[in-house]
Amino acid sequence: IAIQETNQPNPAFNSKLSSIISEALKKNMPMATINKNIEKFKTQQVQLKKHVIEAKCCNRIFLIAELYTENLALLKSNINILFKKETKSQPANCKHMFDEIGIIEISLPETTCKSSSEFEDQITEDAIECEAQEVDDVNFDDKTATIICNPEHIDRVKGELMKRGYVIDNSEGLFIPHTTISITDDERKQYDSLIKRITQLEGFDKIFDNVVTE
């Protein structure tokens, strides 16, 4: 997806791809596997489609999972099989229980700001002009910050920020639950089983839920 968004398979010119490769290497994914996937995109021009799973487990755990696939029919078939095996879980419309936001992690290495407050004021002003909603995690020492925006406007906001000299280090959409719950050991066992099956689906990207982080 990082390549597809920019049509740029070279991580030296694709900050999102570079960030993803770094994360994959930290998780001990072989560089040969990474290069194989990049070459597959370059030679086959694979077009991935996004698919979202909304589900509940044990009647009170709700989750949203995002996957990307070139074979949507096969993925849907595998998801149906998954829920037949996970008897404590089933599909459930639950997006309304989450707030969807877009985040853009930026840096501004070339700045004339002399203080943290001046730096934050500049980023806030630029973010407003770029139609972002909020600025968070401003770090004057590293010259970085996080921009929060409407997830549907991420690409537009990124483009406007780049025009103003910002470097885009990462961007993604997130689902934030309205409320969170603590779960029992039995619920944890059932949920871990579901999560394991979902993460093993080809094209799995990320998952969001309403479970308290321990």
# chains A, B, ... in the order shown; residues from 1 in each chain; ligands from 1
call {"tool": "select_by_dssp", "arguments": {"residues": "segment 50-170 of chain A", "states": "strand (DSSP E)", "output": "VMD selection string"}}
result
chain A and resid 50 to 57 61 to 69 89 to 91 98 to 107 134 to 139 144 to 149 167 to 170
call {"tool": "select_by_dssp", "arguments": {"residues": "chain A", "states": "alpha helix (DSSP H)", "output": "VMD selection string"}}
result
chain A and resid 2 to 6 15 to 26 31 to 44 72 to 85 116 to 129 154 to 163 185 to 199
call {"tool": "closest_atom_pairs", "arguments": {"of": "segment 25-70 of chain A", "to": "segment 160-180 of chain A", "cutoff": "10 Å", "atoms": "only C-alpha atoms", "output": "tab-separated table"}}
result
residue	atom	partner	partner_atom	distance
A:Ile61	CA	A:Thr180	CA	9.1
A:Phe62	CA	A:Pro177	CA	9.0
A:Leu63	CA	A:Pro177	CA	9.2
A:Ile64	CA	A:Phe175	CA	7.8
A:Ala65	CA	A:Phe175	CA	9.8
call {"tool": "write_last_selection", "arguments": {"atoms": "C-alpha atoms", "output": "compact mmCIF listing (two decimals), in the first residue's frame"}}
result
# COMPACT_ATOMS: atom_id res chain seq x y z
CA ILE A 61 -15.40 -7.10 22.88
CA PHE A 62 -15.64 -5.13 19.64
CA LEU A 63 -12.94 -4.87 17.00
CA ILE A 64 -12.14 -3.42 13.62
CA ALA A 65 -9.47 -5.07 11.47
call {"tool": "residues_around", "arguments": {"residues": "Val135 of chain A", "least_positions_apart": "5", "cutoff": "8 Å", "atoms": "only C-alpha atoms", "output": "PyMOL selection string"}}
result
chain A and resi 123-124+127+145-148
call {"tool": "write_last_selection", "arguments": {"atoms": "all heavy atoms", "output": "compact mmCIF listing (two decimals), in the first residue's frame"}}
result
# COMPACT_ATOMS: atom_id res chain seq x y z
N ILE A 123 3.64 25.48 13.90
CA ILE A 123 3.01 24.24 13.43
C ILE A 123 1.50 24.33 13.53
O ILE A 123 0.77 23.92 12.62
CB ILE A 123 3.53 23.03 14.25
CG1 ILE A 123 5.01 22.79 13.94
CG2 ILE A 123 2.71 21.78 13.93
CD1 ILE A 123 5.63 21.65 14.71
N THR A 124 1.01 24.92 14.63
CA THR A 124 -0.44 25.06 14.82
C THR A 124 -1.04 25.94 13.73
O THR A 124 -2.10 25.62 13.16
CB THR A 124 -0.75 25.65 16.21
OG1 THR A 124 -0.22 24.77 17.22
CG2 THR A 124 -2.25 25.79 16.40
N ALA A 127 -0.98 24.05 10.47
CA ALA A 127 -1.96 22.95 10.49
C ALA A 127 -3.37 23.48 10.22
O ALA A 127 -4.14 22.88 9.47
CB ALA A 127 -1.91 22.23 11.83
N ALA A 145 6.24 16.63 15.29
CA ALA A 145 4.90 16.80 15.86
C ALA A 145 3.95 15.82 15.16
O ALA A 145 4.30 15.22 14.14
CB ALA A 145 4.40 18.23 15.69
N THR A 146 2.76 15.67 15.74
CA THR A 146 1.72 14.84 15.14
C THR A 146 0.54 15.72 14.79
O THR A 146 0.04 16.46 15.64
CB THR A 146 1.27 13.72 16.11
OG1 THR A 146 2.39 12.87 16.40
CG2 THR A 146 0.16 12.88 15.48
N ILE A 147 0.11 15.62 13.55
CA ILE A 147 -1.04 16.38 13.07
C ILE A 147 -2.25 15.45 13.01
O ILE A 147 -2.16 14.35 12.47
CB ILE A 147 -0.78 16.96 11.66
CG1 ILE A 147 0.52 17.76 11.64
CG2 ILE A 147 -1.96 17.79 11.21
CD1 ILE A 147 0.52 18.99 12.51
N ILE A 148 -3.37 15.89 13.57
CA ILE A 148 -4.59 15.09 13.55
C ILE A 148 -5.59 15.73 12.60
O ILE A 148 -5.79 16.96 12.63
CB ILE A 148 -5.20 14.99 14.96
CG1 ILE A 148 -4.19 14.31 15.91
CG2 ILE A 148 -6.52 14.21 14.94
CD1 ILE A 148 -4.61 14.33 17.36
call {"tool": "closest_residue", "arguments": {"among": "A:Glu70, A:Asp99, A:Glu214, A:Asp121", "to": "Ile181 of chain A", "atoms": "only C-alpha atoms"}}
result
A:Glu214
call {"tool": "atom_distance", "arguments": {"atom1": "atom CA of Tyr191 of chain A", "atom2": "atom CA of Tyr68 of chain A"}}
result
22.1 Å
call {"tool": "residues_around", "arguments": {"residues": "Phe140 of chain A", "least_positions_apart": "5", "cutoff": "12 Å", "atoms": "only C-alpha atoms", "output": "ChimeraX atom specification"}}
result
/A:107-109,111-123,145
call {"tool": "closest_residue", "arguments": {"among": "A:Asn93, A:Glu131, A:Lys49, A:Asp192", "to": "Asn150 of chain A", "atoms": "only C-alpha atoms"}}
result
A:Glu131
call {"tool": "decode", "arguments": {"residues": "segment 76-108 of chain A", "atoms": "N, CA, C and O atoms", "output": "mmCIF file, in the first residue's frame"}}
result
data_model
loop_
_atom_site.group_PDB
_atom_site.id
_atom_site.type_symbol
_atom_site.label_atom_id
_atom_site.label_comp_id
_atom_site.auth_asym_id
_atom_site.auth_seq_id
_atom_site.Cartn_x
_atom_site.Cartn_y
_atom_site.Cartn_z
ATOM 1 N N LYS A 76 -12.839 -12.882 1.596
ATOM 2 C CA LYS A 76 -14.158 -12.971 2.226
ATOM 3 C C LYS A 76 -14.506 -14.412 2.553
ATOM 4 O O LYS A 76 -15.114 -14.691 3.596
ATOM 5 N N SER A 77 -14.124 -15.336 1.678
ATOM 6 C CA SER A 77 -14.368 -16.753 1.926
ATOM 7 C C SER A 77 -13.600 -17.221 3.158
ATOM 8 O O SER A 77 -14.141 -17.937 4.018
ATOM 9 N N ASN A 78 -12.348 -16.795 3.281
ATOM 10 C CA ASN A 78 -11.524 -17.175 4.434
ATOM 11 C C ASN A 78 -12.059 -16.568 5.732
ATOM 12 O O ASN A 78 -11.966 -17.183 6.800
ATOM 13 N N ILE A 79 -12.621 -15.370 5.636
ATOM 14 C CA ILE A 79 -13.204 -14.730 6.823
ATOM 15 C C ILE A 79 -14.439 -15.506 7.277
ATOM 16 O O ILE A 79 -14.641 -15.717 8.486
ATOM 17 N N ASN A 80 -15.253 -15.956 6.347
ATOM 18 C CA ASN A 80 -16.430 -16.751 6.696
ATOM 19 C C ASN A 80 -16.035 -18.046 7.394
ATOM 20 O O ASN A 80 -16.664 -18.464 8.379
ATOM 21 N N ILE A 81 -14.984 -18.680 6.894
ATOM 22 C CA ILE A 81 -14.476 -19.906 7.521
ATOM 23 C C ILE A 81 -13.983 -19.605 8.933
ATOM 24 O O ILE A 81 -14.218 -20.378 9.876
ATOM 25 N N LEU A 82 -13.305 -18.472 9.079
ATOM 26 C CA LEU A 82 -12.772 -18.063 10.390
ATOM 27 C C LEU A 82 -13.883 -17.986 11.430
ATOM 28 O O LEU A 82 -13.763 -18.530 12.536
ATOM 29 N N PHE A 83 -14.991 -17.335 11.094
ATOM 30 C CA PHE A 83 -16.065 -17.159 12.068
ATOM 31 C C PHE A 83 -16.814 -18.457 12.359
ATOM 32 O O PHE A 83 -17.412 -18.601 13.426
ATOM 33 N N LYS A 84 -16.766 -19.394 11.440
ATOM 34 C CA LYS A 84 -17.373 -20.702 11.714
ATOM 35 C C LYS A 84 -16.570 -21.461 12.760
ATOM 36 O O LYS A 84 -17.121 -22.242 13.537
ATOM 37 N N LYS A 85 -15.266 -21.200 12.781
ATOM 38 C CA LYS A 85 -14.392 -21.869 13.752
ATOM 39 C C LYS A 85 -14.385 -21.155 15.100
ATOM 40 O O LYS A 85 -14.184 -21.790 16.140
ATOM 41 N N GLU A 86 -14.586 -19.841 15.076
ATOM 42 C CA GLU A 86 -14.584 -19.062 16.321
ATOM 43 C C GLU A 86 -16.033 -18.885 16.789
ATOM 44 O O GLU A 86 -16.688 -17.896 16.472
ATOM 45 N N THR A 87 -16.531 -19.841 17.532
ATOM 46 C CA THR A 87 -17.952 -19.865 17.898
ATOM 47 C C THR A 87 -18.355 -18.754 18.868
ATOM 48 O O THR A 87 -19.545 -18.439 18.992
ATOM 49 N N LYS A 88 -17.396 -18.161 19.552
ATOM 50 C CA LYS A 88 -17.699 -17.073 20.493
ATOM 51 C C LYS A 88 -17.634 -15.702 19.825
ATOM 52 O O LYS A 88 -17.804 -14.679 20.477
ATOM 53 N N SER A 89 -17.388 -15.694 18.522
ATOM 54 C CA SER A 89 -17.242 -14.433 17.798
ATOM 55 C C SER A 89 -18.129 -14.439 16.558
ATOM 56 O O SER A 89 -18.436 -15.497 16.007
ATOM 57 N N GLN A 90 -18.512 -13.239 16.141
ATOM 58 C CA GLN A 90 -19.302 -13.114 14.924
ATOM 59 C C GLN A 90 -19.172 -11.700 14.363
ATOM 60 O O GLN A 90 -18.804 -10.771 15.092
ATOM 61 N N PRO A 91 -19.477 -11.536 13.060
ATOM 62 C CA PRO A 91 -19.455 -10.192 12.486
ATOM 63 C C PRO A 91 -20.449 -9.291 13.211
ATOM 64 O O PRO A 91 -21.496 -9.738 13.661
ATOM 65 N N ALA A 92 -20.103 -8.011 13.332
ATOM 66 C CA ALA A 92 -20.990 -7.065 14.024
ATOM 67 C C ALA A 92 -20.671 -5.652 13.570
ATOM 68 O O ALA A 92 -19.494 -5.264 13.515
ATOM 69 N N ASN A 93 -21.691 -4.885 13.225
ATOM 70 C CA ASN A 93 -21.479 -3.492 12.849
ATOM 71 C C ASN A 93 -21.110 -2.693 14.096
ATOM 72 O O ASN A 93 -21.927 -2.498 14.989
ATOM 73 N N CYS A 94 -19.869 -2.239 14.163
ATOM 74 C CA CYS A 94 -19.429 -1.565 15.384
ATOM 75 C C CYS A 94 -18.607 -0.300 15.126
ATOM 76 O O CYS A 94 -18.059 0.277 16.072
ATOM 77 N N LYS A 95 -18.511 0.151 13.887
ATOM 78 C CA LYS A 95 -17.740 1.363 13.613
ATOM 79 C C LYS A 95 -18.259 2.564 14.394
ATOM 80 O O LYS A 95 -17.488 3.467 14.758
ATOM 81 N N HIS A 96 -19.571 2.574 14.651
ATOM 82 C CA HIS A 96 -20.161 3.707 15.363
ATOM 83 C C HIS A 96 -19.672 3.791 16.807
ATOM 84 O O HIS A 96 -19.880 4.799 17.481
ATOM 85 N N MET A 97 -19.006 2.733 17.291
ATOM 86 C CA MET A 97 -18.488 2.709 18.654
ATOM 87 C C MET A 97 -17.058 3.247 18.727
ATOM 88 O O MET A 97 -16.440 3.256 19.789
ATOM 89 N N PHE A 98 -16.550 3.702 17.598
ATOM 90 C CA PHE A 98 -15.186 4.224 17.510
ATOM 91 C C PHE A 98 -15.184 5.586 16.819
ATOM 92 O O PHE A 98 -16.064 5.881 16.014
ATOM 93 N N ASP A 99 -14.209 6.406 17.138
ATOM 94 C CA ASP A 99 -13.943 7.634 16.393
ATOM 95 C C ASP A 99 -12.824 7.334 15.413
ATOM 96 O O ASP A 99 -11.781 6.797 15.792
ATOM 97 N N GLU A 100 -13.024 7.673 14.146
ATOM 98 C CA GLU A 100 -11.995 7.463 13.137
ATOM 99 C C GLU A 100 -11.240 8.776 12.916
ATOM 100 O O GLU A 100 -11.854 9.799 12.635
ATOM 101 N N ILE A 101 -9.936 8.723 13.064
ATOM 102 C CA ILE A 101 -9.117 9.920 12.892
ATOM 103 C C ILE A 101 -7.941 9.621 11.961
ATOM 104 O O ILE A 101 -7.567 8.459 11.763
ATOM 105 N N GLY A 102 -7.393 10.664 11.388
ATOM 106 C CA GLY A 102 -6.175 10.528 10.607
ATOM 107 C C GLY A 102 -5.030 11.186 11.343
ATOM 108 O O GLY A 102 -5.208 12.259 11.932
ATOM 109 N N ILE A 103 -3.876 10.563 11.372
ATOM 110 C CA ILE A 103 -2.706 11.177 12.006
ATOM 111 C C ILE A 103 -1.572 11.268 10.992
ATOM 112 O O ILE A 103 -1.385 10.386 10.158
ATOM 113 N N ILE A 104 -0.863 12.366 11.068
ATOM 114 C CA ILE A 104 0.289 12.599 10.197
ATOM 115 C C ILE A 104 1.465 12.989 11.084
ATOM 116 O O ILE A 104 1.415 14.013 11.764
ATOM 117 N N GLU A 105 2.484 12.172 11.100
ATOM 118 C CA GLU A 105 3.677 12.470 11.888
ATOM 119 C C GLU A 105 4.645 13.248 11.001
ATOM 120 O O GLU A 105 5.035 12.767 9.933
ATOM 121 N N ILE A 106 5.000 14.440 11.444
ATOM 122 C CA ILE A 106 5.819 15.322 10.604
ATOM 123 C C ILE A 106 7.087 15.761 11.319
ATOM 124 O O ILE A 106 7.206 15.666 12.546
ATOM 125 N N SER A 107 8.027 16.237 10.523
ATOM 126 C CA SER A 107 9.233 16.861 11.084
ATOM 127 C C SER A 107 9.541 18.101 10.253
ATOM 128 O O SER A 107 9.153 18.190 9.081
ATOM 129 N N LEU A 108 10.204 19.048 10.877
ATOM 130 C CA LEU A 108 10.549 20.306 10.200
ATOM 131 C C LEU A 108 12.011 20.626 10.505
ATOM 132 O O LEU A 108 12.316 21.463 11.360
#
